[in-house]
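Asks: target16.txt is reproduced below (compact mmCIF, C-alpha atoms).
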# COMPACT_ATOMS: atom_id res chain seq x y z
CA MET A 65 -8.65 -8.10 -6.45
CA LEU A 66 -7.39 -5.14 -4.40
CA THR A 67 -3.61 -5.17 -3.92
CA GLY A 68 -0.69 -2.87 -3.38
CA ASN A 69 1.51 -4.24 -6.12
CA CYS A 70 1.10 -6.80 -8.85
CA GLY A 71 3.95 -8.08 -11.01
CA PRO A 72 3.64 -9.35 -14.57
CA ASN A 73 3.30 -13.05 -13.76
CA ALA A 74 0.63 -12.59 -11.11
CA TYR A 75 -1.18 -10.03 -13.25
CA GLN A 76 -1.29 -12.42 -16.20
CA VAL A 77 -2.68 -15.27 -14.08
CA LEU A 78 -5.27 -13.10 -12.34
CA ALA A 79 -6.43 -11.27 -15.45
CA SER A 80 -6.65 -14.47 -17.48
CA SER A 81 -8.81 -15.93 -14.71
CA GLY A 82 -11.25 -13.10 -15.23
CA LEU A 83 -10.34 -11.19 -12.07
CA GLN A 84 -10.29 -7.42 -12.09
CA VAL A 85 -6.92 -6.31 -10.68
CA ILE A 86 -6.71 -3.01 -8.82
CA THR A 87 -3.23 -1.95 -7.71
CA GLY A 88 -1.91 0.81 -5.46
CA VAL A 89 -4.19 -0.10 -2.55
CA SER A 90 -2.91 0.17 1.03
CA GLY A 91 -4.21 0.81 4.50
CA LYS A 92 -6.94 -0.89 6.48
CA ILE A 93 -9.04 -3.51 4.71
CA GLY A 94 -12.33 -1.85 5.60
CA ASP A 95 -11.11 1.51 4.29
CA ALA A 96 -9.89 -0.09 1.05
CA VAL A 97 -13.21 -1.87 0.50
CA GLN A 98 -15.14 1.32 1.19
CA ALA A 99 -12.93 3.27 -1.23
CA TYR A 100 -13.48 0.57 -3.86
CA LYS A 101 -17.24 0.67 -3.38
CA SER A 102 -17.26 4.45 -3.74
CA GLY A 103 -15.37 4.21 -7.05
CA LYS A 104 -12.04 5.64 -5.93
CA PHE A 105 -10.04 2.84 -7.56
CA GLN A 106 -9.75 1.98 -11.23
CA SER A 107 -8.96 -1.41 -12.70
CA SER A 108 -5.32 -1.81 -13.69
CA SER A 109 -4.60 -2.48 -17.33
CA GLN A 110 -1.09 -3.76 -16.66
CA PRO A 111 1.23 -4.83 -13.81
CA ASN A 112 2.55 -1.95 -11.72
CA VAL A 113 5.91 -3.45 -10.71
CA ALA A 114 8.66 -5.41 -12.40
CA SER A 115 9.01 -9.16 -12.15
CA HIS A 116 10.22 -10.34 -8.70
CA PHE A 117 9.63 -6.91 -7.15
CA GLY A 118 10.29 -6.95 -3.42
CA MET A 119 12.15 -10.25 -3.41
CA GLY A 120 15.39 -8.98 -1.96
CA ALA A 121 18.45 -11.18 -1.97
CA GLY A 122 19.69 -10.06 1.41
CA THR A 123 21.88 -12.33 3.49
CA GLY A 124 21.87 -12.61 7.21
CA SER A 125 21.38 -15.03 10.02
CA GLY A 126 19.71 -13.02 12.75
CA MET A 127 19.77 -14.91 16.01
CA GLY A 128 18.79 -12.06 18.29
CA ILE A 129 15.94 -12.25 20.78
CA GLY A 130 13.39 -9.45 20.61
CA GLN A 131 12.87 -7.60 23.88
CA GLY A 132 10.68 -4.79 22.56
CA MET A 133 7.57 -5.75 24.56
CA GLY A 134 5.33 -4.24 21.87
CA ARG A 135 6.04 -0.68 22.91
CA GLY A 136 6.24 1.02 19.52
CA MET A 137 3.88 3.75 18.39
CA GLY A 138 0.91 1.77 19.59
CA MET A 139 2.32 1.23 23.09
CA GLY A 140 1.39 -2.44 22.78
CA ARG A 141 -2.32 -1.65 22.41
CA GLY A 142 -2.66 -2.22 18.67
CA MET A 143 -2.87 1.47 17.85
CA GLY A 144 0.35 1.92 15.87
CA MET A 145 0.31 2.94 12.24
CA GLY A 146 2.24 -0.17 11.27
CA MET A 147 4.58 -0.39 8.34
CA MET A 148 3.41 1.96 5.66
CA PRO A 149 3.96 0.26 2.34
CA PRO A 150 6.36 2.00 0.06
CA THR A 151 4.80 3.93 -2.75
CA PRO A 152 4.97 1.55 -5.67
CA PRO A 153 7.22 2.62 -8.49
CA THR A 154 5.34 4.16 -11.34
CA PRO A 155 5.57 1.94 -14.42
CA PRO A 156 6.70 3.58 -17.61
CA PRO A 157 3.69 5.38 -19.07
CA SER A 158 2.12 3.99 -22.20
CA SER A 159 0.52 7.31 -22.95
CA PRO A 160 0.19 10.76 -21.36
CA GLU A 161 -3.40 9.89 -20.38
CA GLN A 162 -2.31 6.73 -18.54
CA ASP A 163 0.56 8.61 -16.91
CA LEU A 164 -1.83 11.30 -15.67
CA LYS A 165 -4.27 8.68 -14.37
CA ALA A 166 -1.48 6.84 -12.51
CA LEU A 167 -0.12 10.05 -11.00
CA LYS A 168 -3.57 11.13 -9.81
CA ALA A 169 -4.14 7.73 -8.17
CA GLN A 170 -0.73 7.87 -6.51
CA SER A 171 -1.41 11.42 -5.31
CA GLN A 172 -4.74 10.38 -3.79
CA GLU A 173 -3.11 7.47 -1.97
CA LEU A 174 -0.33 9.65 -0.59
CA ALA A 175 -2.87 12.25 0.56
CA LYS A 176 -4.83 9.51 2.37
CA GLN A 177 -1.68 8.21 4.06
CA LEU A 178 -0.72 11.73 5.14
CA ASN A 179 -4.23 12.31 6.52
CA ASP A 180 -4.04 9.05 8.51
CA ILE A 181 -0.67 10.06 9.94
CA GLN A 182 -1.92 13.52 10.90
CA LYS A 183 -4.97 12.03 12.66
CA HIS A 184 -2.71 9.67 14.60
CA ILE A 185 -0.42 12.55 15.62
CA GLU A 186 -3.43 14.56 16.85
CA LYS A 187 -4.66 11.54 18.82
CA LEU A 188 -1.25 11.12 20.47
CA ASP A 189 -1.00 14.86 21.21
CA LYS A 190 -4.36 14.75 23.03
CA LYS A 191 -3.17 11.84 25.19
CA GLU A 192 -0.03 13.74 26.25
CA LYS A 193 -2.05 16.67 27.64
Could you spell out this file's structure in structure tokens?

Replies:
Amino acid sequence: MLTGNCGPNAYQVLASSGLQVITGVSGKIGDAVQAYKSGKFQSSSQPNVASHFGMGAGTGSGMGIGQGMGRGMGMGRGMGMGMMPPTPPTPPPSSPEQDLKALKAQSQELAKQLNDIQKHIEKLDKKEK
């Protein structure tokens, strides 16, 4: 299973079901599958976030009506970068080898995200000229 984050409960259920869990994945589905097929991801040996990660306890009762008309980065044409997922927190290392492996994977993901952003900027620059 390719996923961005996986907490301890989900990891336990998935791993006990015999599924290989690969965390730290983001971006387009096709790109993630291609990266998996080319061996860029390694199976996770433990959850990469704490229990209930991302389950904020915010309060609010927003009753506003959106008037944005889909005019963000993509100008309503489905070309925006979307919400980039936050870089998952690095779990405490079990060993220097695991820490190095996790840091290398995180570095590769950040480099890919930066590359995608730079390509999008170049594309937008060309349209302005």

Asks: Would you be able to write out as a count of residues only which residues have an atom within 12 Å of (-9.5, -9.3, -13.4) in the file's coordinates, counting all atoms listed in the file?

Replies: 24

Asks: Skip A:Ser90 itself and residues of its chain fewer than 3 positions away, then list as a count of residues only all residues within 8 Å of it, counting only C-alpha atoms.

Replies: 5

Asks: Can you tell me how far atom CA of A:Asn112 sits from atom CA of A:Ile181, in Å to one decimal?

Replies: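 These atoms are spaced 25.0 Å apart.
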
Asks: Take atom CA of A:Lys92 and atom CA of A:Leu178 and report the distance between them in Å, one decimal.

Replies: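 Interatomic distance here is 14.1 Å.
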
Asks: Just give me the gap between atom CA of A:Lys176 and atom CA of A:Lys104 in Å, one decimal is fine.

Replies: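 Calculated distance between atom CA of A:Lys176 and atom CA of A:Lys104 is 11.7 Å.
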